[in-house]
Amino acid sequence: RCMIVRANAVGALADDIGGPFDVVLADPPYDVPWIADALAAAARQLAPGGVIVLEHAWRRPPPAVAALSLVRTRRAGDSALSTYRTAGGDDEATRP
(Lines give C-alpha, C1' and ligand atoms only; values in the text may rest on other atoms or scores of the structure.)
Protein backbone atom coordinates (compact mmCIF):
# COMPACT_ATOMS: atom_id res chain seq x y z
CA ARG A 1 0.00 0.00 0.00
CA CYS A 2 1.20 3.54 -0.60
CA MET A 3 0.21 7.06 0.28
CA ILE A 4 0.93 10.25 -1.61
CA VAL A 5 0.74 13.40 0.48
CA ARG A 6 0.76 16.75 -1.27
CA ALA A 7 1.30 19.21 1.52
CA ASN A 8 3.91 21.15 3.41
CA ALA A 9 6.25 18.35 4.43
CA VAL A 10 7.06 19.54 7.94
CA GLY A 11 3.40 20.09 8.82
CA ALA A 12 2.15 16.88 7.21
CA LEU A 13 4.83 14.71 8.80
CA ALA A 14 4.25 16.22 12.24
CA ASP A 15 0.77 14.66 12.22
CA ASP A 16 -0.11 10.98 12.34
CA ILE A 17 -0.52 10.35 8.61
CA GLY A 18 -0.84 6.58 8.66
CA GLY A 19 2.74 5.45 9.28
CA PRO A 20 5.01 3.84 10.02
CA PHE A 21 6.43 3.80 6.50
CA ASP A 22 9.14 1.60 4.99
CA VAL A 23 10.13 4.15 2.35
CA VAL A 24 9.71 7.93 2.24
CA LEU A 25 10.51 9.70 -1.05
CA ALA A 26 11.06 13.44 -0.64
CA ASP A 27 11.37 15.88 -3.52
CA PRO A 28 11.12 19.33 -1.92
CA PRO A 29 11.93 22.55 -3.77
CA TYR A 30 15.68 23.06 -3.83
CA ASP A 31 17.33 25.45 -1.39
CA VAL A 32 14.46 25.72 1.08
CA PRO A 33 15.68 26.23 4.65
CA TRP A 34 13.41 23.56 6.20
CA ILE A 35 14.74 20.39 4.50
CA ALA A 36 16.52 19.15 7.66
CA ASP A 37 13.33 19.73 9.69
CA ALA A 38 11.31 17.75 7.13
CA LEU A 39 13.80 14.87 7.27
CA ALA A 40 13.69 14.83 11.07
CA ALA A 41 9.87 14.72 10.95
CA ALA A 42 9.99 11.93 8.33
CA ALA A 43 12.38 9.94 10.53
CA ARG A 44 9.70 9.83 13.23
CA GLN A 45 7.32 8.24 10.69
CA LEU A 46 9.75 5.47 9.59
CA ALA A 47 9.28 1.80 10.38
CA PRO A 48 12.32 -0.03 11.78
CA GLY A 49 14.72 -0.52 8.87
CA GLY A 50 12.92 2.15 6.80
CA VAL A 51 14.69 4.51 4.41
CA ILE A 52 14.25 8.07 3.21
CA VAL A 53 15.36 9.11 -0.27
CA LEU A 54 15.83 12.85 -0.70
CA GLU A 55 16.25 14.62 -4.03
CA HIS A 56 18.30 17.79 -3.69
CA ALA A 57 20.63 20.09 -5.61
CA TRP A 58 24.02 18.48 -6.21
CA ARG A 59 25.78 21.74 -5.37
CA ARG A 60 24.45 21.53 -1.79
CA PRO A 61 25.55 18.78 0.58
CA PRO A 62 22.77 16.58 1.95
CA PRO A 63 21.60 17.86 5.32
CA ALA A 64 22.72 16.11 8.49
CA VAL A 65 19.91 14.92 10.76
CA ALA A 66 20.66 13.44 14.20
CA ALA A 67 18.03 10.68 13.91
CA LEU A 68 19.31 9.54 10.50
CA SER A 69 22.47 8.11 9.00
CA LEU A 70 23.36 9.15 5.46
CA VAL A 71 23.94 5.89 3.57
CA ARG A 72 24.90 7.24 0.14
CA THR A 73 24.47 10.06 -2.34
CA ARG A 74 24.22 9.55 -6.11
CA ARG A 75 24.57 12.39 -8.58
CA ALA A 76 22.25 12.72 -11.59
CA GLY A 77 23.06 15.88 -13.57
CA ASP A 78 22.40 18.91 -11.38
CA SER A 79 20.45 16.80 -8.89
CA ALA A 80 21.41 14.22 -6.32
CA LEU A 81 19.58 11.44 -4.51
CA SER A 82 20.63 10.91 -0.91
CA THR A 83 19.52 7.80 0.94
CA TYR A 84 19.11 7.89 4.71
CA ARG A 85 18.33 5.18 7.25
CA THR A 86 17.46 5.53 10.90
CA ALA A 87 20.65 6.00 12.89
CA GLY A 88 22.21 2.65 13.68
CA GLY A 89 20.15 0.88 10.97
CA ASP A 90 21.46 -1.78 8.61
CA ASP A 91 22.54 -0.11 5.35
CA GLU A 92 22.80 -3.38 3.41
CA ALA A 93 19.19 -3.06 2.24
CA THR A 94 19.97 0.13 0.31
CA ARG A 95 22.88 -1.26 -1.67
CA PRO A 96 22.31 -2.24 -5.30
# chains A, B, ... in the order shown; residues from 1 in each chain; ligands from 1
$ residues_around --residues "Glu55 (chain A)" --least-positions-apart "6" --cutoff "6 Å" --atoms "only C-alpha atoms" --output "short mmCIF file (atom, residue, chain, number, x, y, z; two decimals) with C-alpha atoms, in the first residue's frame"
data_model
loop_
_atom_site.label_atom_id
_atom_site.label_comp_id
_atom_site.auth_asym_id
_atom_site.auth_seq_id
_atom_site.Cartn_x
_atom_site.Cartn_y
_atom_site.Cartn_z
CA ASP A 27 11.37 15.88 -3.52
CA ALA A 80 21.41 14.22 -6.32
CA LEU A 81 19.58 11.44 -4.51
#
$ residues_around --residues "region 38-40 of chain A" --least-positions-apart "5" --cutoff "8 Å" --atoms "only C-alpha atoms" --output "ChimeraX atom specification"
/A:9-10,13,52,65-68
$ atom_distance --atom1 "CA of Gly18 (chain A)" --atom2 "CA of Val51 (chain A)"
16.2 Å
$ atom_distance --atom1 "CA of Pro20 (chain A)" --atom2 "CA of Ala64 (chain A)"
21.6 Å
$ closest_residue --among "A:Arg44, A:Arg74, A:Arg1, A:His56" --to "Asp15 (chain A)" --atoms "only C-alpha atoms"
A:Arg44
$ select_by_dssp --residues "chain A" --states "strand (DSSP E)" --output "number ranges by chain"
A: 21-26, 46-57, 68-76, 79-86
$ closest_residue --among "A:Leu54, A:Ala12, A:Val71, A:Ile4" --to "Ile35 (chain A)" --atoms "only C-alpha atoms"
A:Leu54
$ residues_around --residues "Leu70 (chain A)" --least-positions-apart "6" --cutoff "9 Å" --atoms "only C-alpha atoms" --output "list of chain:residue names"
A:Pro62, A:Pro63, A:Ala64, A:Ser82, A:Thr83, A:Tyr84, A:Arg85, A:Thr86, A:Ala87
$ write_last_selection --atoms "N, CA and C atoms" --output "PDB file, in the first residue's frame"
ATOM      1  N   PRO A  62      24.002  17.040   1.299  1.00  0.00           N
ATOM      2  CA  PRO A  62      22.771  16.582   1.947  1.00  0.00           C
ATOM      3  C   PRO A  62      22.777  17.002   3.414  1.00  0.00           C
ATOM      4  N   PRO A  63      21.622  17.395   3.931  1.00  0.00           N
ATOM      5  CA  PRO A  63      21.596  17.860   5.324  1.00  0.00           C
ATOM      6  C   PRO A  63      21.861  16.727   6.305  1.00  0.00           C
ATOM      7  N   ALA A  64      22.493  17.065   7.406  1.00  0.00           N
ATOM      8  CA  ALA A  64      22.719  16.107   8.487  1.00  0.00           C
ATOM      9  C   ALA A  64      21.527  16.181   9.437  1.00  0.00           C
ATOM     10  N   SER A  82      19.960  11.340  -2.138  1.00  0.00           N
ATOM     11  CA  SER A  82      20.635  10.905  -0.915  1.00  0.00           C
ATOM     12  C   SER A  82      19.717   9.948  -0.170  1.00  0.00           C
ATOM     13  N   THR A  83      20.277   8.828   0.232  1.00  0.00           N
ATOM     14  CA  THR A  83      19.518   7.800   0.942  1.00  0.00           C
ATOM     15  C   THR A  83      19.921   7.822   2.409  1.00  0.00           C
ATOM     16  N   TYR A  84      18.915   7.880   3.265  1.00  0.00           N
ATOM     17  CA  TYR A  84      19.105   7.888   4.712  1.00  0.00           C
ATOM     18  C   TYR A  84      18.424   6.672   5.320  1.00  0.00           C
ATOM     19  N   ARG A  85      18.932   6.246   6.452  1.00  0.00           N
ATOM     20  CA  ARG A  85      18.332   5.179   7.252  1.00  0.00           C
ATOM     21  C   ARG A  85      18.350   5.660   8.695  1.00  0.00           C
ATOM     22  N   THR A  86      17.439   5.131   9.493  1.00  0.00           N
ATOM     23  CA  THR A  86      17.460   5.528  10.900  1.00  0.00           C
ATOM     24  C   THR A  86      18.841   5.249  11.471  1.00  0.00           C
ATOM     25  N   ALA A  87      19.315   6.131  12.324  1.00  0.00           N
ATOM     26  CA  ALA A  87      20.650   6.001  12.894  1.00  0.00           C
ATOM     27  C   ALA A  87      20.828   4.630  13.514  1.00  0.00           C
TER      28      ALA A  87
END
$ select_by_dssp --residues "region 3-91 of chain A" --states "helix (DSSP H, G or I)" --output "ChimeraX atom specification"
/A:9-14,35-43,91
$ closest_residue --among "A:Ala41, A:Arg59, A:Asp31, A:Leu46" --to "Gly19 (chain A)" --atoms "only C-alpha atoms"
A:Leu46
$ closest_residue --among "A:Pro33, A:Pro28, A:Gly49, A:Pro61" --to "Arg75 (chain A)" --atoms "only C-alpha atoms"
A:Pro61
$ decode --residues "region 2-32 of chain A" --atoms "N, CA, C and O atoms" --output "short mmCIF file (atom, residue, chain, number, x, y, z; two decimals), in the first residue's frame"
data_model
loop_
_atom_site.label_atom_id
_atom_site.label_comp_id
_atom_site.auth_asym_id
_atom_site.auth_seq_id
_atom_site.Cartn_x
_atom_site.Cartn_y
_atom_site.Cartn_z
N CYS A 2 0.42 2.31 -0.57
CA CYS A 2 1.20 3.54 -0.60
C CYS A 2 0.30 4.71 -0.28
O CYS A 2 -0.92 4.61 -0.29
N MET A 3 0.94 5.83 0.00
CA MET A 3 0.21 7.06 0.28
C MET A 3 0.99 8.20 -0.34
O MET A 3 2.21 8.27 -0.18
N ILE A 4 0.32 9.05 -1.07
CA ILE A 4 0.93 10.25 -1.61
C ILE A 4 0.32 11.43 -0.86
O ILE A 4 -0.89 11.57 -0.81
N VAL A 5 1.19 12.24 -0.29
CA VAL A 5 0.74 13.40 0.48
C VAL A 5 1.26 14.64 -0.23
O VAL A 5 2.48 14.80 -0.37
N ARG A 6 0.36 15.48 -0.65
CA ARG A 6 0.76 16.75 -1.27
C ARG A 6 0.45 17.85 -0.27
O ARG A 6 -0.70 18.28 -0.15
N ALA A 7 1.47 18.22 0.46
CA ALA A 7 1.30 19.21 1.52
C ALA A 7 2.67 19.71 1.95
O ALA A 7 3.69 19.16 1.53
N ASN A 8 2.67 20.71 2.79
CA ASN A 8 3.91 21.15 3.41
C ASN A 8 4.48 19.98 4.19
O ASN A 8 3.81 19.42 5.05
N ALA A 9 5.69 19.57 3.86
CA ALA A 9 6.25 18.35 4.43
C ALA A 9 6.37 18.39 5.94
O ALA A 9 6.03 17.43 6.62
N VAL A 10 6.86 19.48 6.49
CA VAL A 10 7.06 19.54 7.94
C VAL A 10 5.72 19.42 8.66
O VAL A 10 5.57 18.64 9.60
N GLY A 11 4.72 20.15 8.19
CA GLY A 11 3.40 20.09 8.82
C GLY A 11 2.75 18.73 8.66
O GLY A 11 2.19 18.18 9.61
N ALA A 12 2.79 18.17 7.46
CA ALA A 12 2.15 16.88 7.21
C ALA A 12 2.81 15.76 8.02
O ALA A 12 2.13 14.90 8.58
N LEU A 13 4.12 15.77 8.10
CA LEU A 13 4.83 14.71 8.80
C LEU A 13 4.76 14.85 10.32
O LEU A 13 5.02 13.90 11.04
N ALA A 14 4.40 16.03 10.79
CA ALA A 14 4.25 16.22 12.24
C ALA A 14 2.99 15.54 12.75
O ALA A 14 2.89 15.19 13.92
N ASP A 15 2.03 15.33 11.86
CA ASP A 15 0.77 14.66 12.22
C ASP A 15 0.90 13.15 12.03
O ASP A 15 1.81 12.68 11.36
N ASP A 16 -0.03 12.41 12.58
CA ASP A 16 -0.11 10.98 12.34
C ASP A 16 -0.76 10.80 10.98
O ASP A 16 -1.97 10.98 10.83
N ILE A 17 0.02 10.46 9.96
CA ILE A 17 -0.52 10.35 8.61
C ILE A 17 -0.63 8.91 8.14
O ILE A 17 -0.72 8.65 6.95
N GLY A 18 -0.63 7.97 9.06
CA GLY A 18 -0.84 6.58 8.66
C GLY A 18 0.40 5.73 8.68
O GLY A 18 0.36 4.60 8.20
N GLY A 19 1.50 6.23 9.22
CA GLY A 19 2.74 5.45 9.28
C GLY A 19 2.62 4.32 10.26
O GLY A 19 1.54 4.09 10.80
N PRO A 20 3.65 3.58 10.50
CA PRO A 20 5.01 3.84 10.02
C PRO A 20 5.19 3.42 8.56
O PRO A 20 4.49 2.55 8.06
N PHE A 21 6.16 4.04 7.91
CA PHE A 21 6.43 3.80 6.50
C PHE A 21 7.79 3.13 6.33
O PHE A 21 8.73 3.42 7.05
N ASP A 22 7.87 2.26 5.33
CA ASP A 22 9.14 1.60 4.99
C ASP A 22 10.02 2.50 4.14
O ASP A 22 11.24 2.45 4.24
N VAL A 23 9.40 3.28 3.27
CA VAL A 23 10.13 4.15 2.35
C VAL A 23 9.43 5.50 2.31
O VAL A 23 8.21 5.57 2.17
N VAL A 24 10.21 6.57 2.42
CA VAL A 24 9.71 7.93 2.24
C VAL A 24 10.54 8.55 1.12
O VAL A 24 11.77 8.57 1.20
N LEU A 25 9.86 9.01 0.06
CA LEU A 25 10.51 9.70 -1.05
C LEU A 25 10.21 11.18 -0.90
O LEU A 25 9.04 11.57 -0.84
N ALA A 26 11.24 12.00 -0.85
CA ALA A 26 11.06 13.44 -0.64
C ALA A 26 11.69 14.21 -1.78
O ALA A 26 12.87 14.02 -2.09
N ASP A 27 10.90 15.06 -2.41
CA ASP A 27 11.37 15.88 -3.52
C ASP A 27 10.94 17.33 -3.27
O ASP A 27 10.09 17.86 -3.97
N PRO A 28 11.52 17.95 -2.23
CA PRO A 28 11.12 19.33 -1.92
C PRO A 28 11.76 20.30 -2.90
O PRO A 28 12.71 19.95 -3.61
N PRO A 29 11.25 21.53 -2.96
CA PRO A 29 11.93 22.55 -3.77
C PRO A 29 13.37 22.70 -3.28
O PRO A 29 13.64 22.58 -2.08
N TYR A 30 14.27 22.91 -4.21
CA TYR A 30 15.68 23.06 -3.83
C TYR A 30 15.89 24.34 -3.03
O TYR A 30 15.20 25.33 -3.23
N ASP A 31 16.86 24.29 -2.15
CA ASP A 31 17.33 25.45 -1.39
C ASP A 31 16.30 26.04 -0.43
O ASP A 31 16.36 27.21 -0.09
N VAL A 32 15.35 25.23 0.03
CA VAL A 32 14.46 25.72 1.08
C VAL A 32 15.14 25.47 2.43
O VAL A 32 15.85 24.48 2.60
#
